[in-house]
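Okay, so here's the structure we're looking at.
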Amino acid sequence: MNDPLSLKQQAISAAKNNDWELVATLNEEIITNNPQDLQALNRLGVAYLQLGKAQKAKVVFETVIGLDKTNILAKKHLATIKQKKTVAVPSFSAQQFIEEPGKTKIVELHRLSGKEILESLITGQICDLKIKKRFISIETDGKYVGSLPEDISFRLSKLIQAGNLYHCAIHSANTKNCSVYLKEKFSSKKNSDVLSFPVQRTSLNTNSEMDDFVLLDEELPVEILNHDSDVEKTLDDIKQPDSGMSYSNSNDS
C-alpha cells in the first residue's frame with residue numbers, strides 16, 4: 001500500500017496533467033484507508049465532475065458536507081451541479097506560481113466585485129492592472145474584479161510609471177475572497193535595485209504552499225528561489241514622471 005502523502009502527490013501530479021481517471025483512482029485508494037479525508041474527497045468529487053459523472057460527484061460532496069457542514073469547496077461544487085454549470089479546469093502551468101522573493105507576491109484584493117464575477121474566475125486567469133487615483137484596479141476581460149491594497153497600489157503605481165511591467169493572474173477566488181499572483185516581468189533602469197515587493201531576510205527561506213482553491217482545492221507546493229538583496233533603493237530614489245497622467249499596465253505573458 002502506498003503511503004497517503006505519496007498518493008496525494010501522485011493525485012496532484014495527475015490533476016496537473018488532466019488525467020482525471022488516475023486522479024479518481026488515487027483518491028479512491030486514499031479514502032479507502034481514510035474515509036474522512038476531506039481533501040481527498042473533494043479531489044475525488046472534482047475528478048468525477050471532470051469525467052462527466054455528476055451524480056457520483058454529488059454523492060461525494062454531500063459526504064463532505066456530512067463531515068464538515070462549513071466546507072466551502074463542497075458547497076460550491078454542489079451548487080455547480082445543481083445549476084448544471086460547466087466545471088472549469090484550473091488554468092495554469094507547473095511554473096506559473098513560482099515564488100521569487102522581492103519579485104513576486106500573492107495579494108488579497110480589496111473592494112471586491114459582485115458574486116457573479118467572483119464565481120466566474122478561474123485559477124491562472126490573466127488580469128490587467130489599471131492605475132486609478134488612489135489604488136490599482138484589477139480587471140479581467142474588461143470586468144472589474146477588485147483592487148490592490150493602498151500600500152501596494154502606491155508602490156506599484158510609482159514603479160509602473162517609472163517603467164516596470166507586471167504579470168497578474170488569479171491565484172484563488174470564491175464569493176467572499178479573491179487573491180492574485182503578481183510578478184515583476186520587467187524592471188526599468190530607473191528602478192534598478194528596487195525590489196517590487198520588499199521582503200525581510202528572515203523570510204527568504206520560508207516555504208509556502210498554494211491555497212486550497214488551486215487545483216481542485218488542493219495545496220500545491222510553491223518553489224522558492226534564493227534572492228540576495230544586500231542593498232535596496234527606496235521609492236524616493238526613483239525619479240517620477242509628471243503627475244496627472246493615466247497608465248495601464250500590459251500583463252501578457
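Chain lettering (A, B, ...) mirrors the order of the C-alpha cells, residue numbering begins at 1 for each chain separately, and ligand numbering begins at 1 in order of display.
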> Excluding same-chain residues fewer than 4 positions from segment 23-31 of chain A, what lies within 12 Å of it counting only C-alpha atoms, as number ranges by chain?
Replying inline: A: 1-19, 35-51, 53, 56-57, 60, 63-64, 215-216
Going by DSSP on the backbone, which bits of segment 121-177 of chain A are alpha helix (DSSP H)? Write them as a ChimeraX atom specification, please. /A:150-161
Computed gap from atom CA of His167 of chain A to atom CA of Gly102 of chain A is 14.1 Å
Atom CA of Phe135 of chain A sits from atom CA of Arg111 of chain A at a separation of 10.3 Å
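Distances from A:Val199, A:Cys127, A:Ala162, A:Ile65 to Asp141 of chain A were compared using only C-alpha atoms, and the smallest one belongs to A:Cys127.
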Residues within 7 Å of Ser137 of chain A, only C-alpha atoms, excluding chain neighbours under 3 positions, as a PyMOL selection string: chain A and resi 129-132+146-148
I need the chosen residues saved as a PDB file, in the first residue's frame, with N, CA and C atoms.
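selection.pdb, written as the output of this step:
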```pdb
ATOM      1  N   LEU A 129      -3.726  45.371 -14.784  1.00  0.00           N
ATOM      2  CA  LEU A 129      -3.587  46.362 -13.726  1.00  0.00           C
ATOM      3  C   LEU A 129      -3.956  47.724 -14.304  1.00  0.00           C
ATOM      4  N   LYS A 130      -4.882  48.420 -13.672  1.00  0.00           N
ATOM      5  CA  LYS A 130      -5.304  49.739 -14.120  1.00  0.00           C
ATOM      6  C   LYS A 130      -5.077  50.742 -12.991  1.00  0.00           C
ATOM      7  N   ILE A 131      -4.211  51.725 -13.242  1.00  0.00           N
ATOM      8  CA  ILE A 131      -3.886  52.704 -12.209  1.00  0.00           C
ATOM      9  C   ILE A 131      -4.998  53.733 -12.081  1.00  0.00           C
ATOM     10  N   LYS A 132      -5.547  53.846 -10.872  1.00  0.00           N
ATOM     11  CA  LYS A 132      -6.550  54.853 -10.553  1.00  0.00           C
ATOM     12  C   LYS A 132      -5.904  55.922  -9.674  1.00  0.00           C
ATOM     13  N   GLY A 146     -11.442  43.597  -8.411  1.00  0.00           N
ATOM     14  CA  GLY A 146     -11.147  44.139  -7.091  1.00  0.00           C
ATOM     15  C   GLY A 146      -9.982  45.101  -7.207  1.00  0.00           C
ATOM     16  N   SER A 147      -9.436  45.515  -6.078  1.00  0.00           N
ATOM     17  CA  SER A 147      -8.311  46.443  -6.114  1.00  0.00           C
ATOM     18  C   SER A 147      -7.210  45.990  -5.172  1.00  0.00           C
ATOM     19  N   LEU A 148      -5.982  46.370  -5.489  1.00  0.00           N
ATOM     20  CA  LEU A 148      -4.857  46.078  -4.613  1.00  0.00           C
ATOM     21  C   LEU A 148      -4.950  46.955  -3.374  1.00  0.00           C
TER      22      LEU A 148
END
```
Atom pair atom CA of Glu119 of chain A + atom CA of Lys133 of chain A, distance 27.6 Å
